[in-house]
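Notes follow once the structure below has been shown.
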Amino acid sequence: MWIVTGGAGLIGSAVVWYWNKQNISDILIVDHLGESDKWKNLRALRYSNYMEKEDFQTALRSGKFDQTPIEGIMHLGACSSTTERDATYLVHNNFEYTCMLAEFAIKRNIRMVYASSCATYGDGALGYKDDESCIEQLRPLNMYGYSKQMFDLYAKQRGWLNKLVGCKFSNVYGPNEFHKAGMRSVVLRAYEQISSSGTMELFRSYKKEYADGEQMRDFLYVKDAVKMLWHLACVNTQAAGLFNIGSGRAETWNALVDAAFAALNKPRNVKFIDMPEHLRDRYQYYTCAEMEKLHAAGYTEPAMSLKEAIYDYLVNYCAQDKYLGDE
């Protein structure tokens with residue numbers, strides 16, 4: 001059996017979808033569905049059981065899974081909001097939860113892949129290299145990033161990084177993110193805004209080095225992300241430590257919206273708006289994941305181009321109201 005926490009979320013449901021394509025369906029999905037539409041991500045997937053996060057944690061503590069044959073754990077369950085201000089909640093949900101699962105996996109010799117984040121790199125002054133030797137020097141810009149950094153440091157201090165795989169995800173977008181409200185990707189926002197009004201809003205730049213819309217990000221299509229996870233979880237089972245999960249390309253917001261306008265066959269019409277004050281000192285103007293470590297671990301497939309991926313997402317999923325598995 002595989003355990004996929006956060007299995008109803010964007011990356012988690014995509015993992016289940018991709019595992020299904022490899023004829024794996026003995027999967028326990030763990031999540032917190034609440035009142036969102038996240039449940040829709042599960043409808044086309046094949047899995048053996050579902051548990052709410054709190055029930056799963058209680059069962060884990062009670063020893064319910066101590067004798068259960070478990071092939072692997074994909075731990076993607078976390079609060080992914082970069083604007084969340086409740087630090088206590090983030091510590092409980094992102095740090096302590098991961099500690100508990102890691103201790104269980106290591107004790108049982110179960111392969112575990114967990115979600116870290118490129119948000120741990122902060123403003124990028126030290127680069128975007130997935131090198132465990134210097135993670136103490138990183139300074140995340142928000143509490144979400146720090147909650148991920150906390151576990152990376154904890155795992156390193158205990159010598160766990162030679163037993164676990166931590167994935168530093170870049171800006172992942174794609175089908176099954178419709179439930180994410182304020183944390184929806186700019187790609188999905190572009191679809192919504194362009195479809196409804198023919199225009200797209202982007203934040204102005206507040207650094208003279210970057211013109212409006214020329215801020216840069218490493219954007220990664222979720223279909224590429226899960227291929228990388230499959231490689232680290234099931235192909236190279238000796239891989240361990242921290243790995244960037246990104247495209248390895250820094251591309252501008254202008255390039256992203258140009259691809260969205262092209263996919264929707266609409267003329268470019270961009271409006272630049274003020275960035276909220278509370279974001280200005282925590283905004284990343286440039287991210288680009290260095291991918292050499294993943295390539296050295298045997299994964300060499302290039303990520304889809306931004307234009308190709310956005311076309312697939314907007315035309316084949318958004319415009320048709322489809323989810324992964326509906327193909």
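Each chain of the structure tokens is named A, B, ... in the order shown, its residues numbered from 1; ligands are numbered from 1 in display order.
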Shell of 6 Å around segment 300-309 of chain A, only C-alpha atoms, local chain residues under 3 positions omitted, as JSON, numbers by chain: {"A": [224, 247, 259, 295, 312]}
Gln137 of chain A surroundings by only C-alpha atoms, 10 Å radius, close-in-sequence under 3 positions cut, as a PyMOL selection string: chain A and resi 121+126+133-134+140
Within 10 Å of segment 166-173 of chain A, counting only C-alpha atoms, which residues qualify if same-chain residues fewer than 4 places away don't, as a compact mmCIF listing (two decimals) with all heavy atoms, in the first residue's frame?
# COMPACT_ATOMS: atom_id res chain seq x y z
N LEU A 10 -3.67 19.57 -5.20
CA LEU A 10 -3.14 19.68 -6.56
C LEU A 10 -2.09 18.61 -6.85
O LEU A 10 -2.26 17.78 -7.74
CB LEU A 10 -2.55 21.09 -6.78
CG LEU A 10 -1.65 21.28 -8.01
CD1 LEU A 10 -2.41 21.00 -9.29
CD2 LEU A 10 -1.05 22.68 -8.01
N ILE A 11 -0.98 18.63 -6.11
CA ILE A 11 0.10 17.68 -6.41
C ILE A 11 -0.28 16.28 -5.94
O ILE A 11 -0.02 15.29 -6.63
CB ILE A 11 1.42 18.14 -5.76
CG1 ILE A 11 1.80 19.54 -6.27
CG2 ILE A 11 2.54 17.15 -6.07
CD1 ILE A 11 3.04 20.14 -5.60
N HIS A 75 4.37 12.27 1.29
CA HIS A 75 3.81 13.22 2.26
C HIS A 75 3.74 14.62 1.64
O HIS A 75 4.72 15.35 1.60
CB HIS A 75 4.65 13.24 3.53
CG HIS A 75 4.15 14.21 4.56
ND1 HIS A 75 2.82 14.31 4.91
CD2 HIS A 75 4.81 15.12 5.33
CE1 HIS A 75 2.68 15.24 5.84
NE2 HIS A 75 3.87 15.75 6.11
N LEU A 76 2.54 14.95 1.18
CA LEU A 76 2.30 16.24 0.53
C LEU A 76 1.27 17.06 1.30
O LEU A 76 0.91 18.16 0.86
CB LEU A 76 1.82 16.02 -0.91
CG LEU A 76 2.77 15.17 -1.77
CD1 LEU A 76 2.09 14.77 -3.07
CD2 LEU A 76 4.06 15.92 -2.06
N MET A 112 10.07 7.25 2.09
CA MET A 112 9.21 8.42 2.27
C MET A 112 9.76 9.59 1.48
O MET A 112 10.94 9.93 1.56
CB MET A 112 9.10 8.80 3.75
CG MET A 112 8.31 10.08 3.99
SD MET A 112 7.96 10.35 5.74
CE MET A 112 7.75 12.14 5.77
N VAL A 113 8.89 10.19 0.69
CA VAL A 113 9.18 11.42 -0.04
C VAL A 113 8.28 12.50 0.54
O VAL A 113 7.08 12.28 0.69
CB VAL A 113 8.91 11.25 -1.55
CG1 VAL A 113 9.18 12.55 -2.30
CG2 VAL A 113 9.74 10.11 -2.12
N TYR A 114 8.86 13.63 0.90
CA TYR A 114 8.05 14.69 1.51
C TYR A 114 8.23 16.01 0.77
O TYR A 114 9.22 16.22 0.06
CB TYR A 114 8.39 14.86 2.99
CG TYR A 114 9.72 15.53 3.27
CD1 TYR A 114 9.83 16.92 3.42
CD2 TYR A 114 10.89 14.77 3.40
CE1 TYR A 114 11.04 17.53 3.67
CE2 TYR A 114 12.11 15.38 3.67
CZ TYR A 114 12.18 16.76 3.80
OH TYR A 114 13.39 17.37 4.04
N ALA A 115 7.26 16.88 0.94
CA ALA A 115 7.27 18.18 0.27
C ALA A 115 7.99 19.21 1.11
O ALA A 115 7.53 19.56 2.20
CB ALA A 115 5.85 18.65 -0.02
N SER A 116 9.13 19.67 0.63
CA SER A 116 9.73 20.90 1.12
C SER A 116 9.25 21.99 0.15
O SER A 116 8.17 21.87 -0.43
CB SER A 116 11.25 20.78 1.17
OG SER A 116 11.82 21.97 1.68
N SER A 117 10.03 23.04 -0.06
CA SER A 117 9.57 24.11 -0.94
C SER A 117 10.74 24.99 -1.36
O SER A 117 11.69 25.19 -0.58
CB SER A 117 8.53 24.97 -0.23
OG SER A 117 8.20 26.11 -1.00
N CYS A 118 10.64 25.53 -2.57
CA CYS A 118 11.62 26.53 -3.00
C CYS A 118 11.47 27.84 -2.22
O CYS A 118 12.34 28.71 -2.29
CB CYS A 118 11.50 26.80 -4.50
SG CYS A 118 12.39 25.57 -5.50
N ALA A 119 10.36 27.96 -1.46
CA ALA A 119 10.21 29.14 -0.59
C ALA A 119 11.27 29.16 0.50
O ALA A 119 11.52 30.22 1.10
CB ALA A 119 8.81 29.15 0.04
N THR A 120 11.92 28.03 0.76
CA THR A 120 13.00 28.01 1.75
C THR A 120 14.20 28.84 1.30
O THR A 120 15.01 29.25 2.14
CB THR A 120 13.47 26.57 2.01
OG1 THR A 120 13.91 25.98 0.79
CG2 THR A 120 12.35 25.72 2.59
N TYR A 121 14.32 29.11 0.00
CA TYR A 121 15.47 29.85 -0.52
C TYR A 121 15.39 31.36 -0.27
O TYR A 121 16.35 32.08 -0.50
CB TYR A 121 15.63 29.61 -2.03
CG TYR A 121 16.05 28.20 -2.38
CD1 TYR A 121 15.26 27.41 -3.22
CD2 TYR A 121 17.21 27.65 -1.88
CE1 TYR A 121 15.63 26.12 -3.55
CE2 TYR A 121 17.59 26.36 -2.20
CZ TYR A 121 16.80 25.59 -3.03
OH TYR A 121 17.17 24.32 -3.35
N TYR A 128 19.78 28.91 -5.74
CA TYR A 128 18.68 27.95 -5.66
C TYR A 128 19.23 26.53 -5.86
O TYR A 128 18.70 25.73 -6.62
CB TYR A 128 17.62 28.27 -6.71
CG TYR A 128 16.98 29.61 -6.49
CD1 TYR A 128 17.50 30.76 -7.09
CD2 TYR A 128 15.88 29.75 -5.66
CE1 TYR A 128 16.93 32.00 -6.86
CE2 TYR A 128 15.30 30.99 -5.42
CZ TYR A 128 15.84 32.11 -6.04
OH TYR A 128 15.28 33.35 -5.80
N ASP A 130 20.09 22.83 -4.44
CA ASP A 130 19.59 21.88 -3.44
C ASP A 130 20.75 21.15 -2.77
O ASP A 130 20.91 19.93 -2.90
CB ASP A 130 18.60 20.90 -4.07
CG ASP A 130 19.04 20.41 -5.45
OD1 ASP A 130 20.17 20.74 -5.89
OD2 ASP A 130 18.26 19.71 -6.10
N LYS A 148 8.68 24.88 6.32
CA LYS A 148 9.33 23.83 5.53
C LYS A 148 10.81 23.74 5.88
O LYS A 148 11.39 22.65 5.97
CB LYS A 148 9.15 24.12 4.04
CG LYS A 148 7.70 24.06 3.57
CD LYS A 148 7.14 22.66 3.70
CE LYS A 148 5.79 22.51 3.04
NZ LYS A 148 5.28 21.12 3.12
N PHE A 151 11.65 21.66 9.08
CA PHE A 151 11.80 20.21 9.00
C PHE A 151 13.08 19.82 8.27
O PHE A 151 13.76 18.85 8.66
CB PHE A 151 10.61 19.52 8.34
CG PHE A 151 10.79 18.03 8.33
CD1 PHE A 151 10.61 17.28 9.48
CD2 PHE A 151 11.23 17.37 7.19
CE1 PHE A 151 10.84 15.91 9.51
CE2 PHE A 151 11.48 16.00 7.20
CZ PHE A 151 11.27 15.26 8.36
N ASP A 152 13.45 20.54 7.20
CA ASP A 152 14.70 20.24 6.51
C ASP A 152 15.87 20.26 7.50
O ASP A 152 16.74 19.38 7.49
CB ASP A 152 14.96 21.25 5.39
CG ASP A 152 13.98 21.13 4.23
OD1 ASP A 152 13.26 20.11 4.15
OD2 ASP A 152 13.94 22.06 3.40
N ALA A 155 15.58 17.30 10.05
CA ALA A 155 15.98 16.04 9.42
C ALA A 155 17.50 15.97 9.26
O ALA A 155 18.11 14.91 9.49
CB ALA A 155 15.29 15.89 8.07
N LEU A 161 18.41 12.81 6.40
CA LEU A 161 18.41 13.16 4.98
C LEU A 161 19.10 12.12 4.11
O LEU A 161 19.05 12.21 2.88
CB LEU A 161 19.04 14.55 4.76
CG LEU A 161 18.20 15.73 5.24
CD1 LEU A 161 18.90 17.05 4.94
CD2 LEU A 161 16.80 15.72 4.60
N GLU A 177 -6.36 22.25 -9.32
CA GLU A 177 -6.10 23.33 -8.37
C GLU A 177 -7.30 24.26 -8.24
O GLU A 177 -7.21 25.32 -7.62
CB GLU A 177 -4.86 24.13 -8.78
CG GLU A 177 -5.00 24.89 -10.09
CD GLU A 177 -3.92 25.94 -10.29
OE1 GLU A 177 -3.70 26.74 -9.37
OE2 GLU A 177 -3.32 25.96 -11.38
N ARG A 184 -4.70 29.95 -5.88
CA ARG A 184 -4.70 29.46 -7.26
C ARG A 184 -3.52 30.05 -8.01
O ARG A 184 -3.11 31.18 -7.76
CB ARG A 184 -5.99 29.87 -7.99
CG ARG A 184 -7.24 29.30 -7.36
CD ARG A 184 -8.49 29.58 -8.17
NE ARG A 184 -8.62 30.95 -8.63
CZ ARG A 184 -9.00 31.98 -7.90
NH1 ARG A 184 -9.26 31.81 -6.61
NH2 ARG A 184 -9.13 33.18 -8.41
N SER A 185 -2.98 29.30 -8.93
CA SER A 185 -1.83 29.78 -9.70
C SER A 185 -2.23 30.95 -10.59
O SER A 185 -3.41 31.14 -10.91
CB SER A 185 -1.27 28.65 -10.58
OG SER A 185 -2.14 28.38 -11.66
N VAL A 186 -1.24 31.71 -11.00
CA VAL A 186 -1.50 32.82 -11.92
C VAL A 186 -1.99 32.29 -13.26
O VAL A 186 -2.74 32.98 -13.96
CB VAL A 186 -0.24 33.70 -12.08
CG1 VAL A 186 -0.46 34.79 -13.12
CG2 VAL A 186 0.13 34.34 -10.75
N VAL A 187 -1.61 31.08 -13.61
CA VAL A 187 -2.11 30.49 -14.86
C VAL A 187 -3.63 30.33 -14.80
O VAL A 187 -4.35 30.70 -15.74
CB VAL A 187 -1.43 29.14 -15.15
CG1 VAL A 187 -1.93 28.57 -16.48
CG2 VAL A 187 0.08 29.29 -15.18
N LEU A 188 -4.13 29.78 -13.71
CA LEU A 188 -5.58 29.62 -13.57
C LEU A 188 -6.26 30.98 -13.46
O LEU A 188 -7.34 31.19 -14.05
CB LEU A 188 -5.90 28.77 -12.35
CG LEU A 188 -7.39 28.53 -12.07
CD1 LEU A 188 -8.11 27.99 -13.29
CD2 LEU A 188 -7.57 27.60 -10.87
N ARG A 217 10.01 33.63 -12.58
CA ARG A 217 9.73 32.47 -11.76
C ARG A 217 10.09 31.20 -12.52
O ARG A 217 10.09 31.15 -13.74
CB ARG A 217 8.24 32.38 -11.41
CG ARG A 217 7.73 33.40 -10.42
CD ARG A 217 8.10 33.01 -9.01
NE ARG A 217 7.36 33.80 -8.04
CZ ARG A 217 7.64 35.04 -7.72
NH1 ARG A 217 8.67 35.64 -8.30
NH2 ARG A 217 6.94 35.69 -6.82
N ASP A 218 10.35 30.15 -11.75
CA ASP A 218 10.47 28.81 -12.30
C ASP A 218 9.08 28.18 -12.21
O ASP A 218 8.64 27.79 -11.13
CB ASP A 218 11.50 28.00 -11.51
CG ASP A 218 11.80 26.65 -12.12
OD1 ASP A 218 10.87 26.03 -12.67
OD2 ASP A 218 12.96 26.21 -12.04
N PHE A 219 8.38 28.13 -13.33
CA PHE A 219 7.02 27.57 -13.37
C PHE A 219 7.10 26.09 -13.77
O PHE A 219 7.79 25.74 -14.73
CB PHE A 219 6.15 28.31 -14.38
CG PHE A 219 6.02 29.79 -14.11
CD1 PHE A 219 6.66 30.70 -14.93
CD2 PHE A 219 5.26 30.25 -13.05
CE1 PHE A 219 6.54 32.07 -14.70
CE2 PHE A 219 5.13 31.61 -12.81
CZ PHE A 219 5.77 32.52 -13.64
N LEU A 220 6.37 25.23 -13.07
CA LEU A 220 6.42 23.80 -13.35
C LEU A 220 5.01 23.24 -13.48
O LEU A 220 4.19 23.37 -12.58
CB LEU A 220 7.17 23.05 -12.24
CG LEU A 220 7.34 21.55 -12.46
CD1 LEU A 220 8.26 21.27 -13.63
CD2 LEU A 220 7.87 20.88 -11.19
N TYR A 221 4.75 22.59 -14.60
CA TYR A 221 3.46 21.93 -14.83
C TYR A 221 3.36 20.70 -13.94
O TYR A 221 4.32 19.94 -13.79
CB TYR A 221 3.34 21.54 -16.29
CG TYR A 221 1.95 21.23 -16.77
CD1 TYR A 221 0.83 21.86 -16.23
CD2 TYR A 221 1.73 20.29 -17.79
CE1 TYR A 221 -0.45 21.59 -16.70
CE2 TYR A 221 0.47 20.01 -18.26
CZ TYR A 221 -0.62 20.65 -17.71
OH TYR A 221 -1.89 20.38 -18.17
N VAL A 222 2.21 20.48 -13.34
CA VAL A 222 2.06 19.40 -12.37
C VAL A 222 2.32 18.03 -13.00
O VAL A 222 2.78 17.10 -12.34
CB VAL A 222 0.67 19.46 -11.70
CG1 VAL A 222 -0.44 19.04 -12.66
CG2 VAL A 222 0.65 18.64 -10.42
N LYS A 223 2.06 17.88 -14.29
CA LYS A 223 2.33 16.60 -14.95
C LYS A 223 3.83 16.29 -14.97
O LYS A 223 4.23 15.12 -14.91
CB LYS A 223 1.78 16.60 -16.37
CG LYS A 223 0.26 16.56 -16.45
CD LYS A 223 -0.21 16.46 -17.90
CE LYS A 223 -1.73 16.38 -17.99
NZ LYS A 223 -2.18 16.25 -19.40
N ASP A 224 4.66 17.32 -15.06
CA ASP A 224 6.11 17.12 -14.96
C ASP A 224 6.51 16.85 -13.53
O ASP A 224 7.39 16.01 -13.26
CB ASP A 224 6.85 18.35 -15.50
CG ASP A 224 6.81 18.45 -17.01
OD1 ASP A 224 7.10 17.45 -17.68
OD2 ASP A 224 6.47 19.53 -17.52
N ALA A 225 5.90 17.54 -12.59
CA ALA A 225 6.25 17.37 -11.17
C ALA A 225 6.06 15.92 -10.73
O ALA A 225 6.93 15.35 -10.05
CB ALA A 225 5.40 18.30 -10.30
N MET A 228 8.74 13.50 -11.89
CA MET A 228 9.94 13.61 -11.08
C MET A 228 9.77 12.89 -9.75
O MET A 228 10.69 12.20 -9.26
CB MET A 228 10.27 15.09 -10.85
CG MET A 228 10.59 15.85 -12.12
SD MET A 228 10.81 17.64 -11.83
CE MET A 228 10.86 18.24 -13.53
N LEU A 229 8.59 13.01 -9.15
CA LEU A 229 8.31 12.32 -7.89
C LEU A 229 8.35 10.80 -8.08
O LEU A 229 8.87 10.07 -7.23
CB LEU A 229 6.96 12.75 -7.33
CG LEU A 229 6.87 14.20 -6.85
CD1 LEU A 229 5.46 14.51 -6.37
CD2 LEU A 229 7.86 14.47 -5.74
N LEU A 232 11.95 9.63 -8.14
CA LEU A 232 12.60 9.63 -6.83
C LEU A 232 12.00 8.59 -5.89
O LEU A 232 12.69 8.05 -5.02
CB LEU A 232 12.51 11.02 -6.20
CG LEU A 232 13.36 12.10 -6.88
CD1 LEU A 232 13.00 13.48 -6.33
CD2 LEU A 232 14.85 11.82 -6.70
N ALA A 240 18.47 10.06 -2.03
CA ALA A 240 18.09 10.59 -0.71
C ALA A 240 18.58 12.02 -0.60
O ALA A 240 19.48 12.45 -1.32
CB ALA A 240 18.70 9.73 0.40
N GLY A 241 17.95 12.76 0.31
CA GLY A 241 18.33 14.16 0.51
C GLY A 241 17.33 15.10 -0.12
O GLY A 241 16.21 14.74 -0.44
N LEU A 242 17.77 16.34 -0.30
CA LEU A 242 16.91 17.39 -0.84
C LEU A 242 17.10 17.49 -2.35
O LEU A 242 18.23 17.47 -2.85
CB LEU A 242 17.24 18.72 -0.19
CG LEU A 242 17.03 18.79 1.33
CD1 LEU A 242 17.50 20.13 1.88
CD2 LEU A 242 15.56 18.55 1.69
N PHE A 243 15.98 17.62 -3.06
CA PHE A 243 16.01 17.75 -4.51
C PHE A 243 15.07 18.87 -4.94
O PHE A 243 13.92 18.94 -4.49
CB PHE A 243 15.54 16.45 -5.19
CG PHE A 243 16.52 15.32 -5.10
CD1 PHE A 243 16.53 14.49 -3.99
CD2 PHE A 243 17.43 15.08 -6.12
CE1 PHE A 243 17.43 13.44 -3.90
CE2 PHE A 243 18.34 14.04 -6.04
CZ PHE A 243 18.33 13.21 -4.92
N ASN A 244 15.56 19.73 -5.83
CA ASN A 244 14.68 20.70 -6.46
C ASN A 244 13.74 19.98 -7.42
O ASN A 244 14.15 19.08 -8.15
CB ASN A 244 15.48 21.74 -7.25
CG ASN A 244 16.15 22.76 -6.36
OD1 ASN A 244 15.69 23.04 -5.25
ND2 ASN A 244 17.25 23.34 -6.83
N ILE A 245 12.48 20.43 -7.42
CA ILE A 245 11.49 19.93 -8.37
C ILE A 245 11.01 21.16 -9.14
O ILE A 245 10.14 21.91 -8.67
CB ILE A 245 10.32 19.23 -7.66
CG1 ILE A 245 10.82 18.09 -6.78
CG2 ILE A 245 9.31 18.72 -8.69
CD1 ILE A 245 11.47 16.95 -7.51
N GLY A 246 11.62 21.39 -10.28
CA GLY A 246 11.29 22.58 -11.07
C GLY A 246 11.57 22.33 -12.54
O GLY A 246 11.98 21.25 -12.95
N SER A 247 11.37 23.37 -13.34
CA SER A 247 11.65 23.26 -14.77
C SER A 247 13.11 23.57 -15.08
O SER A 247 13.62 23.20 -16.14
CB SER A 247 10.75 24.23 -15.56
OG SER A 247 11.15 25.57 -15.33
N GLY A 248 13.76 24.28 -14.16
CA GLY A 248 15.13 24.72 -14.41
C GLY A 248 15.20 25.94 -15.31
O GLY A 248 16.28 26.32 -15.76
N THR A 287 13.18 33.35 -9.29
CA THR A 287 13.45 32.00 -8.81
C THR A 287 13.81 31.13 -10.00
O THR A 287 13.24 31.27 -11.08
CB THR A 287 12.25 31.36 -8.08
OG1 THR A 287 11.17 31.16 -9.01
CG2 THR A 287 11.77 32.23 -6.93
N CYS A 288 14.77 30.26 -9.82
CA CYS A 288 15.13 29.29 -10.85
C CYS A 288 15.83 28.12 -10.18
O CYS A 288 16.94 28.26 -9.67
CB CYS A 288 16.04 29.92 -11.91
SG CYS A 288 16.38 28.80 -13.29
N ALA A 289 15.14 26.99 -10.17
CA ALA A 289 15.68 25.81 -9.52
C ALA A 289 16.84 25.23 -10.31
O ALA A 289 16.74 25.04 -11.52
CB ALA A 289 14.58 24.75 -9.36
N ALA A 309 2.63 23.64 -22.00
CA ALA A 309 1.94 23.24 -20.77
C ALA A 309 0.70 24.09 -20.52
O ALA A 309 -0.36 23.56 -20.15
CB ALA A 309 2.90 23.35 -19.59
N ILE A 310 0.82 25.40 -20.72
CA ILE A 310 -0.34 26.28 -20.50
C ILE A 310 -1.45 25.96 -21.49
O ILE A 310 -2.64 25.95 -21.14
CB ILE A 310 0.09 27.75 -20.56
CG1 ILE A 310 0.89 28.10 -19.29
CG2 ILE A 310 -1.10 28.68 -20.70
CD1 ILE A 310 1.45 29.50 -19.26
N TYR A 313 -3.19 22.79 -20.26
CA TYR A 313 -3.98 23.06 -19.06
C TYR A 313 -5.25 23.83 -19.37
O TYR A 313 -6.36 23.42 -19.00
CB TYR A 313 -3.10 23.82 -18.06
CG TYR A 313 -3.75 24.19 -16.75
CD1 TYR A 313 -4.83 23.49 -16.23
CD2 TYR A 313 -3.24 25.25 -15.99
CE1 TYR A 313 -5.39 23.83 -15.01
CE2 TYR A 313 -3.79 25.60 -14.78
CZ TYR A 313 -4.87 24.89 -14.29
OH TYR A 313 -5.43 25.23 -13.08
Given only C-alpha atoms as the counted atoms, nearest of A:Asp31, A:Glu292, A:Asp321, A:Glu327 to Lys129 of chain A: A:Glu292
Nearest to Glu209 of chain A by atom-to-atom distance, counting only C-alpha atoms, from A:Met100, A:Tyr286, A:Asp258, A:Asn142: A:Tyr286
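When the distance limit is 9 Å and only C-alpha atoms are what count, the residues near segment 57-61 of chain A, minus those fewer than 3 positions from it on the same chain, are Glu52, Lys53, Glu54, Lys64, Phe65, Asp66, Tyr97, Met100, Leu101 and Phe104 of chain A.
Within segment 288-324 of chain A, DSSP run on the backbone puts these residues in alpha helix (DSSP H): Glu292, Lys293, Leu294, His295, Ala296, Leu306, Lys307, Glu308, Ala309, Ile310, Tyr311, Asp312 and Tyr313 of chain A.
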Can those selected residues be exported to a file as a compact mmCIF listing (two decimals), in the first residue's frame so that it contains all heavy atoms?
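Dumped everything to result_22.txt:
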# COMPACT_ATOMS: atom_id res chain seq x y z
N GLU A 292 20.60 20.11 -11.57
CA GLU A 292 21.70 19.17 -11.82
C GLU A 292 21.63 17.95 -10.90
O GLU A 292 21.95 16.83 -11.30
CB GLU A 292 23.05 19.86 -11.65
CG GLU A 292 23.39 20.86 -12.74
CD GLU A 292 22.72 22.22 -12.55
OE1 GLU A 292 22.00 22.38 -11.54
OE2 GLU A 292 22.91 23.09 -13.40
N LYS A 293 21.20 18.14 -9.66
CA LYS A 293 21.19 17.03 -8.71
C LYS A 293 20.16 15.97 -9.12
O LYS A 293 20.44 14.77 -9.06
CB LYS A 293 20.89 17.55 -7.30
CG LYS A 293 21.06 16.52 -6.20
CD LYS A 293 20.90 17.19 -4.85
CE LYS A 293 21.05 16.20 -3.71
NZ LYS A 293 20.84 16.86 -2.39
N LEU A 294 18.98 16.41 -9.54
CA LEU A 294 17.97 15.47 -10.01
C LEU A 294 18.45 14.75 -11.27
O LEU A 294 18.25 13.54 -11.43
CB LEU A 294 16.65 16.17 -10.26
CG LEU A 294 15.48 15.27 -10.69
CD1 LEU A 294 15.13 14.27 -9.60
CD2 LEU A 294 14.25 16.10 -11.06
N HIS A 295 19.09 15.50 -12.18
CA HIS A 295 19.62 14.88 -13.39
C HIS A 295 20.68 13.84 -13.05
O HIS A 295 20.72 12.76 -13.64
CB HIS A 295 20.19 15.96 -14.32
CG HIS A 295 19.16 16.92 -14.82
ND1 HIS A 295 19.48 18.15 -15.34
CD2 HIS A 295 17.80 16.85 -14.86
CE1 HIS A 295 18.38 18.79 -15.68
NE2 HIS A 295 17.35 18.02 -15.40
N ALA A 296 21.53 14.16 -12.08
CA ALA A 296 22.56 13.21 -11.67
C ALA A 296 21.95 11.95 -11.05
O ALA A 296 22.56 10.87 -11.08
CB ALA A 296 23.51 13.87 -10.68
N LEU A 306 6.68 26.24 -21.36
CA LEU A 306 5.61 27.02 -20.73
C LEU A 306 4.42 27.13 -21.67
O LEU A 306 3.27 26.93 -21.26
CB LEU A 306 6.15 28.41 -20.37
CG LEU A 306 5.23 29.30 -19.53
CD1 LEU A 306 4.98 28.70 -18.16
CD2 LEU A 306 5.83 30.70 -19.40
N LYS A 307 4.68 27.41 -22.93
CA LYS A 307 3.60 27.57 -23.91
C LYS A 307 2.81 26.28 -24.08
O LYS A 307 1.57 26.27 -24.10
CB LYS A 307 4.17 28.03 -25.24
CG LYS A 307 3.13 28.36 -26.30
CD LYS A 307 3.78 28.94 -27.55
CE LYS A 307 2.71 29.31 -28.59
NZ LYS A 307 3.34 29.88 -29.81
N GLU A 308 3.52 25.15 -24.21
CA GLU A 308 2.86 23.86 -24.41
C GLU A 308 2.05 23.46 -23.19
O GLU A 308 0.91 22.98 -23.30
CB GLU A 308 3.92 22.80 -24.71
CG GLU A 308 3.38 21.40 -24.93
CD GLU A 308 4.47 20.37 -25.09
OE1 GLU A 308 5.65 20.68 -24.81
OE2 GLU A 308 4.14 19.22 -25.49
N ALA A 309 2.63 23.64 -22.00
CA ALA A 309 1.94 23.24 -20.77
C ALA A 309 0.70 24.09 -20.52
O ALA A 309 -0.36 23.56 -20.15
CB ALA A 309 2.90 23.35 -19.59
N ILE A 310 0.82 25.40 -20.72
CA ILE A 310 -0.34 26.28 -20.50
C ILE A 310 -1.45 25.96 -21.49
O ILE A 310 -2.64 25.95 -21.14
CB ILE A 310 0.09 27.75 -20.56
CG1 ILE A 310 0.89 28.10 -19.29
CG2 ILE A 310 -1.10 28.68 -20.70
CD1 ILE A 310 1.45 29.50 -19.26
N TYR A 311 -1.09 25.66 -22.73
CA TYR A 311 -2.11 25.29 -23.71
C TYR A 311 -2.84 24.02 -23.25
O TYR A 311 -4.08 23.96 -23.28
CB TYR A 311 -1.48 25.07 -25.08
CG TYR A 311 -2.50 24.72 -26.15
CD1 TYR A 311 -3.11 25.73 -26.90
CD2 TYR A 311 -2.89 23.40 -26.38
CE1 TYR A 311 -4.07 25.43 -27.86
CE2 TYR A 311 -3.85 23.08 -27.32
CZ TYR A 311 -4.43 24.10 -28.07
OH TYR A 311 -5.39 23.79 -29.01
N ASP A 312 -2.08 23.01 -22.83
CA ASP A 312 -2.70 21.76 -22.39
C ASP A 312 -3.64 22.01 -21.21
O ASP A 312 -4.78 21.51 -21.19
CB ASP A 312 -1.61 20.76 -21.98
CG ASP A 312 -2.18 19.43 -21.53
OD1 ASP A 312 -2.91 18.81 -22.32
OD2 ASP A 312 -1.91 19.02 -20.38
N TYR A 313 -3.19 22.79 -20.26
CA TYR A 313 -3.98 23.06 -19.06
C TYR A 313 -5.25 23.83 -19.37
O TYR A 313 -6.36 23.42 -19.00
CB TYR A 313 -3.10 23.82 -18.06
CG TYR A 313 -3.75 24.19 -16.75
CD1 TYR A 313 -4.83 23.49 -16.23
CD2 TYR A 313 -3.24 25.25 -15.99
CE1 TYR A 313 -5.39 23.83 -15.01
CE2 TYR A 313 -3.79 25.60 -14.78
CZ TYR A 313 -4.87 24.89 -14.29
OH TYR A 313 -5.43 25.23 -13.08
Atomic distance atom CA of Lys40 of chain A - atom CA of Ala181 of chain A, expressed in Å with one decimal: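 One can read the atom CA of Lys40 of chain A to atom CA of Ala181 of chain A distance as 14.4 Å.
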Strand (DSSP E) positions in segment 53-146 of chain A, given as a ChimeraX atom specification: /A:72-75,111-117
Shell around Leu264 of chain A at 8 Å using only C-alpha atoms, local window under 3 positions removed, as a ChimeraX atom specification: /A:191,195,260-261,314-315
Taking 2 positions as the minimum chain separation for residues in the same chain, which residues sit within 8 Å of Ala78 of chain A when counting only C-alpha atoms? Answer as a short mmCIF file (atom, residue, chain, number, x, y, z; two decimals) with N, CA and C atoms, in the first residue's frame.
data_model
loop_
_atom_site.label_atom_id
_atom_site.label_comp_id
_atom_site.auth_asym_id
_atom_site.auth_seq_id
_atom_site.Cartn_x
_atom_site.Cartn_y
_atom_site.Cartn_z
N GLY A 6 -2.28 14.66 1.76
CA GLY A 6 -2.60 15.75 0.83
C GLY A 6 -3.06 15.20 -0.50
N LEU A 76 2.54 14.95 1.18
CA LEU A 76 2.30 16.24 0.53
C LEU A 76 1.27 17.06 1.30
N SER A 80 -0.26 25.19 2.29
CA SER A 80 0.64 25.72 1.26
C SER A 80 0.45 27.22 1.03
N ASN A 93 0.94 21.90 11.56
CA ASN A 93 0.50 21.24 10.33
C ASN A 93 1.65 20.87 9.40
N ASN A 94 2.67 21.70 9.33
CA ASN A 94 3.74 21.48 8.36
C ASN A 94 4.98 20.85 8.97
#
